[in-house]
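**Student:** Sharing a structure here in structure tokens format.
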Amino acid sequence: MSRMHARTNAVGLFALIAAASAAQAQSGPLVRTRQGWLQGLTTGSVEQFRGVPYATAPLGDLRWRAPLPAQPYSGVRQAASFGAPCFVGRATPGLPPPSEDCLYVNIYRPAGRTERSRLPVLVYIHGGGFGGGTSSTIDGIPLASTQDMLVVTLNYRLGAFGWMALDALDAETRNGSSSGNTGFLDMLAALRWVHENIEAFGGDEHNVTIAGGSAGGIAVCALMTAPLHERLFHHAIIESGECTTTSAFIISHRAALLQGAQIAAKAGCTDAASFTSCLRAAPAATILTAATGVGLIGANVGGHLMPQHPIQAFLSGGFEEIPTVVGAVHDEQRSAPLATTGFPATIQGYQTYLNNAFGALAPLVAAQYPPAAFADPEYAAGAAASDSGIPSGIGVCPMLIEQGNALKKVTRTFAFEMSDPNGGALFGSFPPGFEVGSQHGAHNNFVYAQLAPTRTAGEQQMAARMLRYWGTFVRTGRPEGAPALHGRSPSVLRFAPDGDAVIPFEAMSAEHRCGFWAQVGY
């Protein structure tokens with residue numbers, strides 16, 4: 001190295017140190033990542049670093065390609081504001097407009113920790129059917145502040161931008177690993193960024209748990225069973241995510257290719273030989289419009305990254321053993337029949353819902369869920385939907401019982417269910433007197449959000465127990481005091497405001513009539 005070059009490097013280093021010192025003098029915690037300095041903000045007892053790029057923005061010719069590493073920062077990058085959600089057709093209040101420039105993580109850590117702290121790390125993958133949601137609506141403060149751990153939330157490309165399949169797109173990826181599952185490649189890139197950088201925030205890259213709800217739970221299944229050649233995580237939590245063959249969010253590669261061709265045609269790209277170049281030149285709004293009406297765009301089975309369906313990998317033991325928590329909420333689809341039944345419901349409305357949802361099986365379902373056994377016919381219909389997962393697979397039987405049975409045979413597995421009559425009260429508006437129960441995603445209110453002041457004392461105590469369950473599992477791979485599925489007496493821990501209960505696995509299955517649903521093919 002020449003003296004001039006060495007002097008230039010030294011000057012640049014001193015400038016960076018000076019910039020960091022000036023930033024520290026202003027406010028906010030400072031961390032130096034491999035890309036450069038970040039300055040976050042402090043909220044109470046938690047420090048946050050928001051909108052941190054983990055990859056290069058996938059714009060222009062990078063649309064649908066595997067993400068490239070993040071670019072170095074210039075000076076001190078401010079990390080006090082959330083980045084843009086990934087491109088969808090609607091905005092999220094309080095956040096920047098959706099954009100294709102969206103590959104960001106948010107990091108939450110207890111205040112005062114340093115790179116020597118070596119805290120356990122939870123990486124959370126948001127839900128939204130692979131076509132919506134954003135990491136910035138997931139709050140890592142409760143877990144970070146009460147469980148002395150780091151929480152990382154990540155964005156990944158959504159809808160057609162993250163999951164569209166075309167032969168030409170498969171060919172662009174090493175070993176055909178994308179197969180339209182570009183969103184999974186984003187998640188892997190985020191996990192690699194965490195592995196390389198989390199020590200600077202005080203985290204332990206050798207103690208990382210991945211967790212996700214709904215579509216995020218499906219992503220956890222996929223990452224657990226992907227034939228990776230690197231150890232990027234060590235524990236897993238599947239929260240109300242269905243990875244079985246009845247899931248509407250996992251399709252065949254052939255079906256995904258047909259979707260991709262339909263999107264291309266609707267976008268005005270009519271030459272199969274130039275689908276990708278034509279689509280990359282199209283405005284994002286054109287792609288979004290073209291993807292409307294082609295069905296759910298989500299994960300698909302095929303290629304190197306997802307060579308077989310996750311449940312098949314679980315059943316065969318075809319994955320590295322990973323301590324796992326699998327869970328659901330008691331009333332996954334309690335309000336789904338409301339549009340048909342109304343509330344209070346009539347027997348006619350109840351029967352109409354069963355006919356629409358279950359067809360010729362409606363009489364069998366009615367025998368299992370007689371309206372007289374419930375406080376209202378709508379609750380009977382809601383129980384049938386919640387237990388079975390009809391029509392999309394969001395049900396207790398596939399998400400907890402079927403997956404729990406598969407997992408407990410091949411890895412250390414724990415299971416939970418949340419049952420709170422008012423658990424999902426913050427989601428949507430409901431008719432007067434309607435008891436919403438614990439609907440799909442209701443557990444987020446107690447683990448990944450600041451607890452609303454209207455919650456009862458029992459709910460507050462339940463939230464504390466749930467946070468401790470998550471925290472001890474992330475720290476040790478064993479939830480404190482929780483029963484196991486893999487032991488001689490497999491049991492599920494049911495969280496409830498009036499006190500938790502240990503329910504034998506078979507009793508849980510019987511309560512949700514899972515044997516019946518298996519007999520009729522669901």
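Please note that chains go A, B, ... in the order of the structure tokens, that every chain numbers its residues from 1, and that ligands are numbered from 1 in the order shown.
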As a list in words, please: the residues near stretch 318-327 of chain A (cut-off 6 Å, only C-alpha atoms, same-chain neighbours under 6 positions excluded).
**Tutor:**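 Final neighbour list, sorted by chain and number: Thr225, His235, Ala236, Ile237, Ile238, Glu239, Ser240, Leu400, Thr411, Arg412, Thr413, Phe414, Ala415, Phe416, Glu417 and Gly477 of chain A.
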**Student:** For A:Val492, work out the shell of residues within 12 Å, counting only C-alpha atoms and skipping chain neighbours fewer than 2 positions away, then give it as an NGL selection string.
**Tutor:** :A and (325-329 or 400-401 or 404-405 or 408 or 413-418 or 479 or 481-487 or 489-490 or 494-495 or 500-509)
**Student:** Atom CA of A:Asn356 and atom CA of A:Thr289, how far apart in Å?
**Tutor:**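 If I compute the distance from atom CA of A:Thr289 to atom CA of A:Asn356, I get 28.9 Å.
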**Student:** Excluding A:Asn155 and residues on its chain fewer than 4 positions from it, collect all residues at most 6 Å away from it, counting only C-alpha atoms, and give them as a VMD selection string.
**Tutor:** chain A and resid 103 to 104 135
**Student:** I'd like the interatomic distance between atom CA of A:Val396 and atom CA of A:Arg334, to a tenth of an Å.
**Tutor:**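 According to the coordinates, atom CA of A:Val396 and atom CA of A:Arg334 are separated by 11.6 Å.
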**Student:** Just give me the gap between atom CA of A:Leu279 and atom CA of A:Ala222 in Å, one decimal is fine.
**Tutor:**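 Spanning atom CA of A:Leu279 to atom CA of A:Ala222 is a straight-line distance of 27.1 Å.
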**Student:** Would you please work out which residue, of A:Cys269, A:Ala380, A:Ala91, A:Val151, is nearest to A:Gln48 when using only C-alpha atoms?
**Tutor:**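 Nearest to A:Gln48: A:Val151.
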**Student:** Hey, what's within 10 Å of A:Leu158 if we count only C-alpha atoms and toss same-chain stuff fewer than 4 positions away? As a list in words, please?
**Tutor:** Pro85, Cys86, Phe87, Val88, Glu100, Gly128, Gly129, Phe130, Gly131, Gly132, Gly133, Thr134, Gly162, Trp163, Met164, Thr182, Gly183, Ile297 and Gly298 of chain A
**Student:** Would you save the residues from that selection as a compact mmCIF listing (two decimals), in the first residue's frame, using all heavy atoms?
**Tutor:**
```
# COMPACT_ATOMS: atom_id res chain seq x y z
N PRO A 85 -42.91 -0.41 4.04
CA PRO A 85 -43.39 -1.78 3.89
C PRO A 85 -43.17 -2.24 2.44
O PRO A 85 -43.07 -1.42 1.52
CB PRO A 85 -44.89 -1.68 4.19
CG PRO A 85 -45.06 -0.37 4.91
CD PRO A 85 -43.99 0.53 4.37
N CYS A 86 -43.12 -3.55 2.25
CA CYS A 86 -42.97 -4.05 0.88
C CYS A 86 -44.23 -3.78 0.08
O CYS A 86 -45.33 -3.62 0.62
CB CYS A 86 -42.64 -5.53 0.90
SG CYS A 86 -40.93 -5.85 1.41
N PHE A 87 -44.08 -3.71 -1.24
CA PHE A 87 -45.12 -3.18 -2.11
C PHE A 87 -46.37 -4.03 -2.09
O PHE A 87 -46.37 -5.22 -2.43
CB PHE A 87 -44.60 -3.05 -3.54
CG PHE A 87 -45.43 -2.13 -4.39
CD1 PHE A 87 -45.20 -0.77 -4.38
CD2 PHE A 87 -46.46 -2.62 -5.17
CE1 PHE A 87 -45.98 0.09 -5.13
CE2 PHE A 87 -47.24 -1.77 -5.94
CZ PHE A 87 -46.99 -0.41 -5.92
N VAL A 88 -47.46 -3.41 -1.66
CA VAL A 88 -48.80 -3.98 -1.74
C VAL A 88 -49.73 -2.84 -2.15
O VAL A 88 -49.32 -1.69 -2.27
CB VAL A 88 -49.25 -4.58 -0.39
CG1 VAL A 88 -48.50 -5.85 -0.07
CG2 VAL A 88 -49.09 -3.58 0.74
N GLU A 100 -40.93 -1.07 -3.41
CA GLU A 100 -40.08 -2.23 -3.66
C GLU A 100 -38.76 -2.12 -2.91
O GLU A 100 -38.08 -3.13 -2.70
CB GLU A 100 -39.82 -2.38 -5.16
CG GLU A 100 -41.03 -2.84 -5.96
CD GLU A 100 -40.67 -3.13 -7.40
OE1 GLU A 100 -40.17 -4.25 -7.68
OE2 GLU A 100 -40.88 -2.24 -8.26
N GLY A 128 -49.62 -12.47 6.94
CA GLY A 128 -50.32 -11.66 5.95
C GLY A 128 -50.58 -12.41 4.66
O GLY A 128 -50.76 -11.80 3.61
N GLY A 129 -50.57 -13.75 4.72
CA GLY A 129 -50.87 -14.54 3.54
C GLY A 129 -49.86 -14.39 2.42
O GLY A 129 -50.18 -14.64 1.25
N PHE A 130 -48.62 -14.00 2.74
CA PHE A 130 -47.56 -13.75 1.77
C PHE A 130 -47.88 -12.59 0.83
O PHE A 130 -47.13 -12.33 -0.10
CB PHE A 130 -47.24 -15.00 0.93
CG PHE A 130 -46.67 -16.13 1.73
CD1 PHE A 130 -47.33 -17.35 1.80
CD2 PHE A 130 -45.48 -16.00 2.42
CE1 PHE A 130 -46.82 -18.41 2.54
CE2 PHE A 130 -44.95 -17.06 3.17
CZ PHE A 130 -45.62 -18.26 3.21
N GLY A 131 -48.99 -11.90 1.11
CA GLY A 131 -49.36 -10.79 0.24
C GLY A 131 -49.63 -9.51 0.98
O GLY A 131 -50.08 -8.53 0.39
N GLY A 132 -49.37 -9.47 2.28
CA GLY A 132 -49.64 -8.27 3.07
C GLY A 132 -48.82 -8.30 4.35
O GLY A 132 -48.04 -9.22 4.60
N GLY A 133 -49.03 -7.28 5.17
CA GLY A 133 -48.32 -7.20 6.44
C GLY A 133 -46.98 -6.51 6.31
O GLY A 133 -46.47 -6.26 5.21
N THR A 134 -46.39 -6.18 7.45
CA THR A 134 -45.07 -5.57 7.49
C THR A 134 -44.46 -5.78 8.86
O THR A 134 -45.19 -5.88 9.86
CB THR A 134 -45.13 -4.06 7.18
OG1 THR A 134 -43.81 -3.49 7.33
CG2 THR A 134 -46.07 -3.33 8.13
N GLY A 162 -42.74 -11.16 -4.54
CA GLY A 162 -41.95 -12.10 -3.77
C GLY A 162 -42.19 -13.56 -4.08
O GLY A 162 -41.38 -14.40 -3.71
N TRP A 163 -43.27 -13.88 -4.80
CA TRP A 163 -43.66 -15.27 -4.90
C TRP A 163 -44.06 -15.71 -6.30
O TRP A 163 -44.53 -16.84 -6.49
CB TRP A 163 -44.81 -15.54 -3.92
CG TRP A 163 -44.42 -15.11 -2.54
CD1 TRP A 163 -44.71 -13.91 -1.95
CD2 TRP A 163 -43.61 -15.82 -1.61
NE1 TRP A 163 -44.14 -13.84 -0.70
CE2 TRP A 163 -43.45 -15.00 -0.47
CE3 TRP A 163 -43.00 -17.08 -1.63
CZ2 TRP A 163 -42.72 -15.40 0.64
CZ3 TRP A 163 -42.26 -17.48 -0.52
CH2 TRP A 163 -42.13 -16.64 0.60
N MET A 164 -43.91 -14.85 -7.30
CA MET A 164 -44.29 -15.24 -8.66
C MET A 164 -43.26 -16.19 -9.25
O MET A 164 -42.05 -15.96 -9.14
CB MET A 164 -44.43 -14.00 -9.55
CG MET A 164 -44.98 -14.35 -10.92
SD MET A 164 -45.30 -12.89 -11.94
CE MET A 164 -43.63 -12.38 -12.29
N THR A 182 -39.07 -16.18 -3.97
CA THR A 182 -38.08 -15.14 -3.73
C THR A 182 -38.18 -14.60 -2.31
O THR A 182 -37.18 -14.22 -1.71
CB THR A 182 -38.26 -13.99 -4.74
OG1 THR A 182 -38.39 -14.54 -6.05
CG2 THR A 182 -37.08 -13.06 -4.70
N GLY A 183 -39.39 -14.59 -1.74
CA GLY A 183 -39.55 -14.13 -0.37
C GLY A 183 -38.75 -14.96 0.61
O GLY A 183 -38.21 -14.42 1.60
N ILE A 297 -51.24 -15.89 -4.12
CA ILE A 297 -49.86 -16.02 -4.59
C ILE A 297 -48.99 -16.25 -3.37
O ILE A 297 -48.83 -15.37 -2.53
CB ILE A 297 -49.41 -14.76 -5.34
CG1 ILE A 297 -50.35 -14.46 -6.49
CG2 ILE A 297 -47.98 -14.91 -5.84
CD1 ILE A 297 -50.09 -13.13 -7.17
N GLY A 298 -48.47 -17.46 -3.24
CA GLY A 298 -47.70 -17.78 -2.05
C GLY A 298 -46.60 -18.77 -2.35
O GLY A 298 -46.14 -18.90 -3.48
```
**Student:** Could you write out, as a ChimeraX atom specification, all the residues of stretch 233-389 of chain A that DSSP marks as alpha helix (DSSP H)?
**Tutor:** /A:253-266,275-281,284-290,310-316,338-341,347-358,362-368,377-388
**Student:** Need the shell around A:Arg468: protein/DNA/RNA residues with any atom at most 12 Å away, counting only C-alpha atoms. Skip same-chain ones fewer than 5 positions apart. Format as a PyMOL selection string?
**Tutor:** chain A and resi 142-149+446-447+461-463+473-476+478-482+495
**Student:** Output C-alpha atoms of each residue in that selection to a file, as a PDB file, in the first residue's frame.
**Tutor:**
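See selection35.pdb below for the written result:
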```pdb
ATOM      1  CA  PRO A 142     -42.463  -6.418  25.385  1.00  0.00           C
ATOM      2  CA  LEU A 143     -40.117  -9.371  24.816  1.00  0.00           C
ATOM      3  CA  ALA A 144     -36.920  -7.295  24.803  1.00  0.00           C
ATOM      4  CA  SER A 145     -37.812  -5.415  27.982  1.00  0.00           C
ATOM      5  CA  THR A 146     -39.124  -8.330  30.056  1.00  0.00           C
ATOM      6  CA  GLN A 147     -37.046 -11.271  28.785  1.00  0.00           C
ATOM      7  CA  ASP A 148     -33.594  -9.669  28.345  1.00  0.00           C
ATOM      8  CA  MET A 149     -33.285 -10.670  24.723  1.00  0.00           C
ATOM      9  CA  PHE A 446     -50.157 -10.325  24.231  1.00  0.00           C
ATOM     10  CA  VAL A 447     -46.660 -11.146  22.933  1.00  0.00           C
ATOM     11  CA  GLN A 461     -51.110 -11.919  34.096  1.00  0.00           C
ATOM     12  CA  MET A 462     -51.641 -14.243  31.118  1.00  0.00           C
ATOM     13  CA  ALA A 463     -49.533 -11.934  28.948  1.00  0.00           C
ATOM     14  CA  PHE A 473     -37.746 -21.113  24.978  1.00  0.00           C
ATOM     15  CA  VAL A 474     -35.676 -18.583  23.027  1.00  0.00           C
ATOM     16  CA  ARG A 475     -33.022 -18.691  25.729  1.00  0.00           C
ATOM     17  CA  THR A 476     -32.817 -22.460  26.331  1.00  0.00           C
ATOM     18  CA  ARG A 478     -37.304 -25.385  26.615  1.00  0.00           C
ATOM     19  CA  PRO A 479     -40.230 -23.220  27.779  1.00  0.00           C
ATOM     20  CA  GLU A 480     -40.089 -22.893  31.561  1.00  0.00           C
ATOM     21  CA  GLY A 481     -42.434 -25.344  33.272  1.00  0.00           C
ATOM     22  CA  ALA A 482     -44.175 -26.279  30.025  1.00  0.00           C
ATOM     23  CA  PHE A 495     -53.012 -20.021  28.167  1.00  0.00           C
TER      24      PHE A 495
END
```
**Student:** For stretch 252-268 of chain A, work out the shell of residues within 12 Å, counting only C-alpha atoms and skipping chain neighbours fewer than 6 positions away, then give it as an mmCIF file with N, CA and C atoms, in the first residue's frame.
**Tutor:**
```
data_model
loop_
_atom_site.group_PDB
_atom_site.id
_atom_site.type_symbol
_atom_site.label_atom_id
_atom_site.label_comp_id
_atom_site.auth_asym_id
_atom_site.auth_seq_id
_atom_site.Cartn_x
_atom_site.Cartn_y
_atom_site.Cartn_z
ATOM 1 N N TRP A 64 -37.158 -9.688 -8.559
ATOM 2 C CA TRP A 64 -37.260 -11.153 -8.586
ATOM 3 C C TRP A 64 -35.924 -11.875 -8.544
ATOM 4 N N GLY A 159 -46.622 -10.795 -2.311
ATOM 5 C CA GLY A 159 -47.435 -10.981 -3.506
ATOM 6 C C GLY A 159 -46.606 -11.397 -4.711
ATOM 7 N N ALA A 160 -46.952 -10.846 -5.847
ATOM 8 C CA ALA A 160 -46.248 -11.193 -7.084
ATOM 9 C C ALA A 160 -44.782 -10.805 -7.044
ATOM 10 N N PHE A 161 -44.415 -9.816 -6.232
ATOM 11 C CA PHE A 161 -43.019 -9.374 -6.175
ATOM 12 C C PHE A 161 -42.141 -10.362 -5.418
ATOM 13 N N GLY A 162 -42.741 -11.164 -4.541
ATOM 14 C CA GLY A 162 -41.950 -12.098 -3.768
ATOM 15 C C GLY A 162 -42.186 -13.556 -4.080
ATOM 16 N N TRP A 163 -43.272 -13.877 -4.799
ATOM 17 C CA TRP A 163 -43.659 -15.273 -4.899
ATOM 18 C C TRP A 163 -44.063 -15.708 -6.297
ATOM 19 N N MET A 164 -43.907 -14.854 -7.299
ATOM 20 C CA MET A 164 -44.291 -15.235 -8.657
ATOM 21 C C MET A 164 -43.263 -16.187 -9.249
ATOM 22 N N ALA A 165 -43.738 -17.229 -9.890
ATOM 23 C CA ALA A 165 -42.867 -18.244 -10.483
ATOM 24 C C ALA A 165 -42.913 -18.167 -12.005
ATOM 25 N N LEU A 166 -41.753 -18.268 -12.618
ATOM 26 C CA LEU A 166 -41.590 -18.409 -14.067
ATOM 27 C C LEU A 166 -40.348 -19.260 -14.305
ATOM 28 N N ASP A 167 -40.350 -20.042 -15.355
ATOM 29 C CA ASP A 167 -39.186 -20.867 -15.658
ATOM 30 C C ASP A 167 -37.917 -20.029 -15.733
ATOM 31 N N ALA A 168 -38.017 -18.885 -16.362
ATOM 32 C CA ALA A 168 -36.825 -18.043 -16.529
ATOM 33 C C ALA A 168 -36.326 -17.526 -15.186
ATOM 34 N N LEU A 169 -37.229 -17.275 -14.242
ATOM 35 C CA LEU A 169 -36.800 -16.818 -12.916
ATOM 36 C C LEU A 169 -36.115 -17.941 -12.156
ATOM 37 N N ASP A 170 -36.618 -19.166 -12.297
ATOM 38 C CA ASP A 170 -35.951 -20.301 -11.658
ATOM 39 C C ASP A 170 -34.528 -20.446 -12.190
ATOM 40 N N GLY A 176 -31.771 -23.496 -9.018
ATOM 41 C CA GLY A 176 -33.206 -23.300 -9.117
ATOM 42 C C GLY A 176 -33.857 -23.115 -7.763
ATOM 43 N N SER A 178 -35.028 -20.604 -6.105
ATOM 44 C CA SER A 178 -36.138 -19.688 -5.851
ATOM 45 C C SER A 178 -37.470 -20.344 -6.178
ATOM 46 N N SER A 179 -37.595 -20.934 -7.358
ATOM 47 C CA SER A 179 -38.853 -21.528 -7.808
ATOM 48 C C SER A 179 -40.032 -20.608 -7.549
ATOM 49 N N GLY A 180 -39.819 -19.326 -7.659
ATOM 50 C CA GLY A 180 -40.855 -18.357 -7.360
ATOM 51 C C GLY A 180 -40.886 -17.950 -5.909
ATOM 52 N N ASN A 181 -40.137 -18.617 -5.046
ATOM 53 C CA ASN A 181 -40.120 -18.337 -3.614
ATOM 54 C C ASN A 181 -39.059 -17.295 -3.262
ATOM 55 N N THR A 245 -50.860 -30.287 3.917
ATOM 56 C CA THR A 245 -51.245 -30.307 2.504
ATOM 57 C C THR A 245 -52.572 -29.613 2.229
ATOM 58 N N SER A 274 -39.653 -13.583 -23.452
ATOM 59 C CA SER A 274 -39.199 -12.311 -22.853
ATOM 60 C C SER A 274 -40.055 -11.907 -21.655
ATOM 61 N N PHE A 275 -40.706 -12.896 -21.016
ATOM 62 C CA PHE A 275 -41.534 -12.581 -19.856
ATOM 63 C C PHE A 275 -40.780 -11.736 -18.832
ATOM 64 N N THR A 276 -39.591 -12.198 -18.441
ATOM 65 C CA THR A 276 -38.903 -11.549 -17.316
ATOM 66 C C THR A 276 -38.450 -10.140 -17.659
ATOM 67 N N SER A 277 -37.884 -9.928 -18.846
ATOM 68 C CA SER A 277 -37.426 -8.585 -19.204
ATOM 69 C C SER A 277 -38.604 -7.630 -19.330
ATOM 70 N N CYS A 278 -39.708 -8.117 -19.884
ATOM 71 C CA CYS A 278 -40.907 -7.287 -20.024
ATOM 72 C C CYS A 278 -41.473 -6.927 -18.655
ATOM 73 N N LEU A 279 -41.556 -7.905 -17.773
ATOM 74 C CA LEU A 279 -42.125 -7.663 -16.448
ATOM 75 C C LEU A 279 -41.213 -6.772 -15.600
ATOM 76 N N ARG A 280 -39.900 -6.897 -15.766
ATOM 77 C CA ARG A 280 -39.001 -6.034 -14.994
ATOM 78 C C ARG A 280 -39.075 -4.584 -15.445
ATOM 79 N N ALA A 281 -39.460 -4.390 -16.681
ATOM 80 C CA ALA A 281 -39.581 -3.016 -17.186
ATOM 81 C C ALA A 281 -40.920 -2.391 -16.825
ATOM 82 N N ALA A 282 -41.864 -3.199 -16.381
ATOM 83 C CA ALA A 282 -43.207 -2.696 -16.086
ATOM 84 C C ALA A 282 -43.233 -1.947 -14.759
ATOM 85 N N PRO A 283 -44.043 -0.908 -14.642
ATOM 86 C CA PRO A 283 -44.210 -0.226 -13.351
ATOM 87 C C PRO A 283 -44.754 -1.185 -12.301
ATOM 88 N N ALA A 284 -44.409 -0.940 -11.052
ATOM 89 C CA ALA A 284 -44.873 -1.807 -9.965
ATOM 90 C C ALA A 284 -46.396 -1.867 -9.931
ATOM 91 N N ALA A 285 -47.063 -0.743 -10.179
ATOM 92 C CA ALA A 285 -48.532 -0.724 -10.141
ATOM 93 C C ALA A 285 -49.126 -1.646 -11.202
ATOM 94 N N THR A 286 -48.454 -1.765 -12.347
ATOM 95 C CA THR A 286 -48.927 -2.658 -13.406
ATOM 96 C C THR A 286 -48.856 -4.111 -12.953
ATOM 97 N N ILE A 287 -47.752 -4.467 -12.283
ATOM 98 C CA ILE A 287 -47.617 -5.836 -11.768
ATOM 99 C C ILE A 287 -48.699 -6.115 -10.736
ATOM 100 N N LEU A 288 -48.916 -5.161 -9.851
ATOM 101 C CA LEU A 288 -49.924 -5.339 -8.800
ATOM 102 C C LEU A 288 -51.310 -5.557 -9.400
ATOM 103 N N THR A 289 -51.653 -4.761 -10.402
ATOM 104 C CA THR A 289 -52.960 -4.897 -11.053
ATOM 105 C C THR A 289 -53.063 -6.234 -11.782
ATOM 106 N N ALA A 290 -52.000 -6.628 -12.456
ATOM 107 C CA ALA A 290 -52.014 -7.881 -13.213
ATOM 108 C C ALA A 290 -52.156 -9.092 -12.296
ATOM 109 N N ALA A 291 -51.687 -8.973 -11.054
ATOM 110 C CA ALA A 291 -51.751 -10.100 -10.124
ATOM 111 C C ALA A 291 -53.123 -10.262 -9.494
ATOM 112 N N THR A 292 -53.992 -9.275 -9.694
ATOM 113 C CA THR A 292 -55.334 -9.346 -9.126
ATOM 114 C C THR A 292 -56.163 -10.395 -9.857
ATOM 115 N N GLY A 293 -56.793 -11.260 -9.101
ATOM 116 C CA GLY A 293 -57.702 -12.232 -9.705
ATOM 117 C C GLY A 293 -57.078 -13.537 -10.140
ATOM 118 N N VAL A 294 -55.773 -13.748 -9.862
ATOM 119 C CA VAL A 294 -55.145 -15.011 -10.266
ATOM 120 C C VAL A 294 -55.104 -16.011 -9.111
ATOM 121 N N GLY A 295 -55.691 -15.657 -7.984
ATOM 122 C CA GLY A 295 -55.674 -16.534 -6.821
ATOM 123 C C GLY A 295 -54.582 -16.140 -5.842
ATOM 124 N N LEU A 296 -54.528 -16.875 -4.732
ATOM 125 C CA LEU A 296 -53.505 -16.607 -3.723
ATOM 126 C C LEU A 296 -52.121 -16.854 -4.295
ATOM 127 N N ILE A 297 -51.241 -15.891 -4.119
ATOM 128 C CA ILE A 297 -49.864 -16.021 -4.591
ATOM 129 C C ILE A 297 -48.994 -16.253 -3.369
ATOM 130 N N GLY A 298 -48.475 -17.464 -3.240
ATOM 131 C CA GLY A 298 -47.697 -17.778 -2.054
ATOM 132 C C GLY A 298 -46.602 -18.768 -2.346
ATOM 133 N N ALA A 299 -46.195 -19.479 -1.308
ATOM 134 C CA ALA A 299 -45.103 -20.429 -1.444
ATOM 135 C C ALA A 299 -45.488 -21.570 -2.370
ATOM 136 N N ASN A 300 -44.489 -22.123 -3.046
ATOM 137 C CA ASN A 300 -44.769 -23.283 -3.898
ATOM 138 C C ASN A 300 -43.664 -24.315 -3.772
ATOM 139 N N VAL A 301 -44.059 -25.565 -3.920
ATOM 140 C CA VAL A 301 -43.156 -26.698 -3.723
ATOM 141 C C VAL A 301 -42.439 -27.003 -5.032
ATOM 142 N N GLY A 302 -41.137 -26.994 -4.986
ATOM 143 C CA GLY A 302 -40.335 -27.285 -6.165
ATOM 144 C C GLY A 302 -39.022 -26.544 -6.102
ATOM 145 N N GLY A 303 -38.001 -27.089 -6.707
ATOM 146 C CA GLY A 303 -36.708 -26.420 -6.698
ATOM 147 C C GLY A 303 -35.885 -26.792 -5.485
ATOM 148 N N HIS A 304 -34.679 -26.261 -5.419
ATOM 149 C CA HIS A 304 -33.726 -26.657 -4.389
ATOM 150 C C HIS A 304 -34.149 -26.214 -2.998
ATOM 151 N N MET A 306 -37.195 -25.609 -1.632
ATOM 152 C CA MET A 306 -38.374 -26.276 -1.073
ATOM 153 C C MET A 306 -38.684 -27.504 -1.934
ATOM 154 N N PRO A 307 -37.827 -28.506 -1.868
ATOM 155 C CA PRO A 307 -37.988 -29.650 -2.773
ATOM 156 C C PRO A 307 -39.185 -30.525 -2.456
ATOM 157 N N GLN A 308 -39.666 -30.490 -1.215
ATOM 158 C CA GLN A 308 -40.861 -31.248 -0.863
ATOM 159 C C GLN A 308 -41.704 -30.434 0.105
ATOM 160 N N HIS A 309 -42.950 -30.829 0.243
ATOM 161 C CA HIS A 309 -43.863 -30.131 1.133
ATOM 162 C C HIS A 309 -43.329 -30.211 2.562
#
```
**Student:** I need the strand (DSSP E) residues of stretch 304-480 of chain A per DSSP on the backbone, written as a list in words.
**Tutor:**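 Filtering stretch 304-480 of chain A down to strand (DSSP E) leaves Thr324, Val325, Val326, Gly327, Ala328, Val329, Thr413, Phe414, Ala415, Phe416, Glu417 and Met418 of chain A.
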**Student:** Considering only C-alpha atoms, can you say which of A:Ile198, A:Ala336, A:Ala79, A:Ala57 comes closest to A:Ser386?
**Tutor:**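 Among the listed residues, A:Ala336 lies closest to A:Ser386.
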**Student:** Excluding A:Arg192 and residues on its chain fewer than 6 positions from it, collect all residues at most 10 Å away from it, counting only C-alpha atoms, and give them as a PyMOL selection string.
**Tutor:** chain A and resi 54+69+186+198+205+230-233
**Student:** Which one is closest to A:Leu185: A:Gly60, A:His126, A:Ala66, A:Thr114? Count only C-alpha atoms.
**Tutor:**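 Of the candidates, the smallest distance to A:Leu185 is held by A:Ala66.
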